[in-house]
Amino acid sequence: MRAIKAVMAAGTALAVGAAAVWVLWPEPVLVDLVAVQTAPMEVTVATEGVTRVRETWTVSTPIAGTLARSELREGDQVVKGETEVARIRPAVPPFLDARARAQAEAAVTEAEAALRLAEVVLAQAQADASLAEAQLARNRALAERGTIAQRILEDSVQKASAASATLETARFDLDLHRATLARMQAQLFGPETAAAEMAAGDCCIRITAPQSGTVLAVTDLNARPVQAGEVLLAIADLQDLQIEADLLSSDAVRVPPGAQAHIDRWGGDNRLDAKVARIDPTGFTRVSALGIEEQRVRLHLDFTTPAEARSGLGDGYRVFVQIVIWSSPASRQVPQSALFRQNGAWAVFRAVNGYAVMTPVTIGHSAEAMAEVLSGLDDGDQVIAYPGNRISDGVRIAARIAP
């Protein structure tokens with residue numbers, strides 16, 4: 001009986017002790033575990049960029065005149081050498097005041113008188129030339145019969161030649177006075193003359209598109225006077241786009257020419273690809289939103305994605321650019337959230353048989369959320385992400401089950 005009581009007392013004591021141990025034994029810390037794996041990795045620098053057309057053709061006025069109202073609008077398509085982009089009528093003559101008109105009319109009267117005088121001189125020259133030719137013909141006939149001396153025939157030839165030259169001079173002088181009269185009459189032209197020519201359909205200087213593409217901008221749609229060299233519109237090929245972006249100078253020196261880039265947030269569902277075509281050799285100062293002066297460098301990127309895959313992009317559109325400065329097709333990676341500093345070096349907590357084991361690691365390149373592991377971890381190792389103050393070397397852990 002006493003033995004049974006002793007056994008029961010011992011069992012009770014053991015049960016109480018086990019319960020006390022169970023109650024007082026620390027529970028494992030719930031943690032998030034992430035597996036180390038080898039995968040492609042890229043290190044990028046990100047910035048915003050703006051699309052630009054590579055070449056822009058500007059249409060300017062070749063002469064001063066009156067520009068007809070434009071029928072083109074931004075976004076219209078034009079064909080090189082076929083599409084009429086502008087019509088320019090020569091400048092309309094100004095109105096003449098009383099003095100200017102009187103002077104112009106007097107000049108016309110003077111030119112008309114000079115023309116009539118030239119006509120009279122021409123008629124006289126024609127008569128003299130006819131007389132000289134007739135006299136020459138008679139003297140030649142007489143000379144053949146030996147009736148007159150040779151000297152008389154030579155004088156007749158010289159007089160006929162002189163009369164012919166005088167006739168030609170009179171004709172040219174008549175043409176000169178006709179042109180002078182036309183010039184003086186032109187001084188009387190006013191706006192009403194230009195209106196009559198317009199009604200008769202006499203127009204204009206027509207300018208065709210210098211290049212096939214899309215109209216980017218029209219300076220003014222309205223009809224208006226223009227000066228020679230004034231810009232009318234701009235044309236560009238929206239299929240031939242590039243990107244302008246700027247980086248901090250400290251980031252720009254890490255970007256090699258020809259570096260690949262990814263284009264996101266441009267409005268489409270797909271990611272676009274590009275490459276760095278040129279890096280400007282000079283930087284510029286820009287004040288950030290925080291009021292800090294930054295030295296930045298402009299980069300120019302060419303699209304490598306076909307134009308069909310980026311339809312809708314135009315000139316001056318905002319894009320988000322990620323430029324690849326380093327990449328590897330197979331890199332062992334660990335989340336940056338698992339890394340912490342220990343004695344001046346990087347370390348992680350590995351999960352080994354339910355315990356946290358602090359493990360020093362050597363880190364290489366770092367991307368957005370991942371870091372390259374050069375040594376200290378193998379593929380498949382489980383590491384603790386976001387280790388808190390409760391995690392230390394040798395602490396019991398348990399994987400947190402996602403809800």
# chains A, B, ... in the order shown; residues from 1 in each chain; ligands from 1
$ closest_atom_pairs --of "stretch 254-274 of chain A" --to "stretch 320-326 of chain A" --cutoff "6 Å" --atoms "only C-alpha atoms" --output "tab-separated table"
residue	atom	partner	partner_atom	distance
A:Val255	CA	A:Ile325	CA	5.6
A:Gln260	CA	A:Val324	CA	5.5
A:Ala261	CA	A:Ile323	CA	4.2
A:His262	CA	A:Gln322	CA	5.1
A:Ile263	CA	A:Val321	CA	4.9
A:Asp264	CA	A:Phe320	CA	5.2
A:Arg265	CA	A:Phe320	CA	5.7
$ write_last_selection --atoms "N, CA and C atoms" --output "mmCIF file, in the first residue's frame"
data_model
loop_
_atom_site.group_PDB
_atom_site.id
_atom_site.type_symbol
_atom_site.label_atom_id
_atom_site.label_comp_id
_atom_site.auth_asym_id
_atom_site.auth_seq_id
_atom_site.Cartn_x
_atom_site.Cartn_y
_atom_site.Cartn_z
ATOM 1 N N VAL A 255 27.996 54.165 -65.988
ATOM 2 C CA VAL A 255 27.227 53.688 -67.140
ATOM 3 C C VAL A 255 28.130 53.652 -68.368
ATOM 4 N N GLN A 260 22.530 48.376 -71.697
ATOM 5 C CA GLN A 260 21.120 48.084 -71.919
ATOM 6 C C GLN A 260 20.262 48.832 -70.898
ATOM 7 N N ALA A 261 19.022 49.074 -71.289
ATOM 8 C CA ALA A 261 18.100 49.784 -70.406
ATOM 9 C C ALA A 261 16.699 49.227 -70.595
ATOM 10 N N HIS A 262 15.908 49.319 -69.533
ATOM 11 C CA HIS A 262 14.510 48.894 -69.558
ATOM 12 C C HIS A 262 13.631 50.134 -69.392
ATOM 13 N N ILE A 263 12.570 50.190 -70.183
ATOM 14 C CA ILE A 263 11.666 51.338 -70.165
ATOM 15 C C ILE A 263 10.315 50.878 -69.630
ATOM 16 N N ASP A 264 9.903 51.449 -68.516
ATOM 17 C CA ASP A 264 8.633 51.108 -67.883
ATOM 18 C C ASP A 264 7.799 52.383 -67.712
ATOM 19 N N ARG A 265 6.548 52.145 -67.318
ATOM 20 C CA ARG A 265 5.623 53.238 -66.999
ATOM 21 C C ARG A 265 5.512 54.253 -68.135
#
$ select_by_dssp --residues "stretch 121-229 of chain A" --states "strand (DSSP E)" --output "ChimeraX atom specification"
/A:205-208,213-218,224-226
$ write_last_selection --atoms "C-alpha atoms" --output "PDB file, in the first residue's frame"
ATOM      1  CA  ILE A 205       4.526  80.005-103.959  1.00  0.00           C
ATOM      2  CA  ARG A 206       3.554  76.495-102.873  1.00  0.00           C
ATOM      3  CA  ILE A 207       5.750  74.723-100.335  1.00  0.00           C
ATOM      4  CA  THR A 208       5.651  70.930-100.096  1.00  0.00           C
ATOM      5  CA  GLY A 213       6.241  62.184 -91.242  1.00  0.00           C
ATOM      6  CA  THR A 214       3.895  63.789 -88.736  1.00  0.00           C
ATOM      7  CA  VAL A 215       3.214  67.478 -88.179  1.00  0.00           C
ATOM      8  CA  LEU A 216       4.465  68.264 -84.671  1.00  0.00           C
ATOM      9  CA  ALA A 217       3.607  71.947 -84.466  1.00  0.00           C
ATOM     10  CA  VAL A 218       2.015  74.693 -86.554  1.00  0.00           C
ATOM     11  CA  ARG A 224      -0.991  86.557 -91.978  1.00  0.00           C
ATOM     12  CA  PRO A 225       1.952  88.539 -93.337  1.00  0.00           C
ATOM     13  CA  VAL A 226       5.266  86.738 -92.923  1.00  0.00           C
TER      14      VAL A 226
END
$ residues_around --residues "A:Arg116" --least-positions-apart "3" --cutoff "12 Å" --atoms "only C-alpha atoms" --output "ChimeraX atom specification"
/A:109-113,119-123,170,173-175,177-178,181
$ closest_residue --among "A:Ala160, A:Ala234, A:Ala277, A:Ala367" --to "A:Gln77" --atoms "only C-alpha atoms"
A:Ala234
$ closest_residue --among "A:Ala186, A:Val319, A:Ala351, A:Val276" --to "A:Leu301" --atoms "only C-alpha atoms"
A:Val276
$ closest_residue --among "A:Ala398, A:Leu247, A:Ala307, A:Ala356" --to "A:Gly49" --atoms "only C-alpha atoms"
A:Leu247
$ closest_residue --among "A:Thr61, A:Gln239, A:Gln37, A:Thr285" --to "A:Gly380" --atoms "only C-alpha atoms"
A:Gln37
$ select_by_dssp --residues "stretch 231-354 of chain A" --states "helix (DSSP H, G or I)" --output "list in words"
Ser249, Ser250, Asp251, Ala252, Ala307, Glu308, Ala309, Arg310, Gln336, Ser337 and Ala338 of chain A
$ write_last_selection --atoms "C-alpha atoms" --output "JSON list (two decimals), in the first residue's frame"
[["chain", "number", "residue", "atom", "x", "y", "z"],
["A", 249, "SER", "CA", 27.24, 62.52, -62.28],
["A", 250, "SER", "CA", 28.34, 59.88, -59.73],
["A", 251, "ASP", "CA", 25.92, 57.41, -61.34],
["A", 252, "ALA", "CA", 26.68, 58.47, -64.90],
["A", 307, "ALA", "CA", 8.22, 50.68, -83.28],
["A", 308, "GLU", "CA", 5.16, 48.44, -83.59],
["A", 309, "ALA", "CA", 5.51, 47.46, -79.92],
["A", 310, "ARG", "CA", 5.50, 51.08, -78.71],
["A", 336, "GLN", "CA", 18.77, 42.40, -48.47],
["A", 337, "SER", "CA", 16.21, 42.22, -45.68],
["A", 338, "ALA", "CA", 18.14, 39.26, -44.24]]
$ closest_residue --among "A:Val78, A:Leu272, A:Ala114, A:Val361" --to "A:Trp57" --atoms "only C-alpha atoms"
A:Val78
$ atom_distance --atom1 "atom CA of A:Tyr355" --atom2 "atom CA of A:Ala399"
10.6 Å
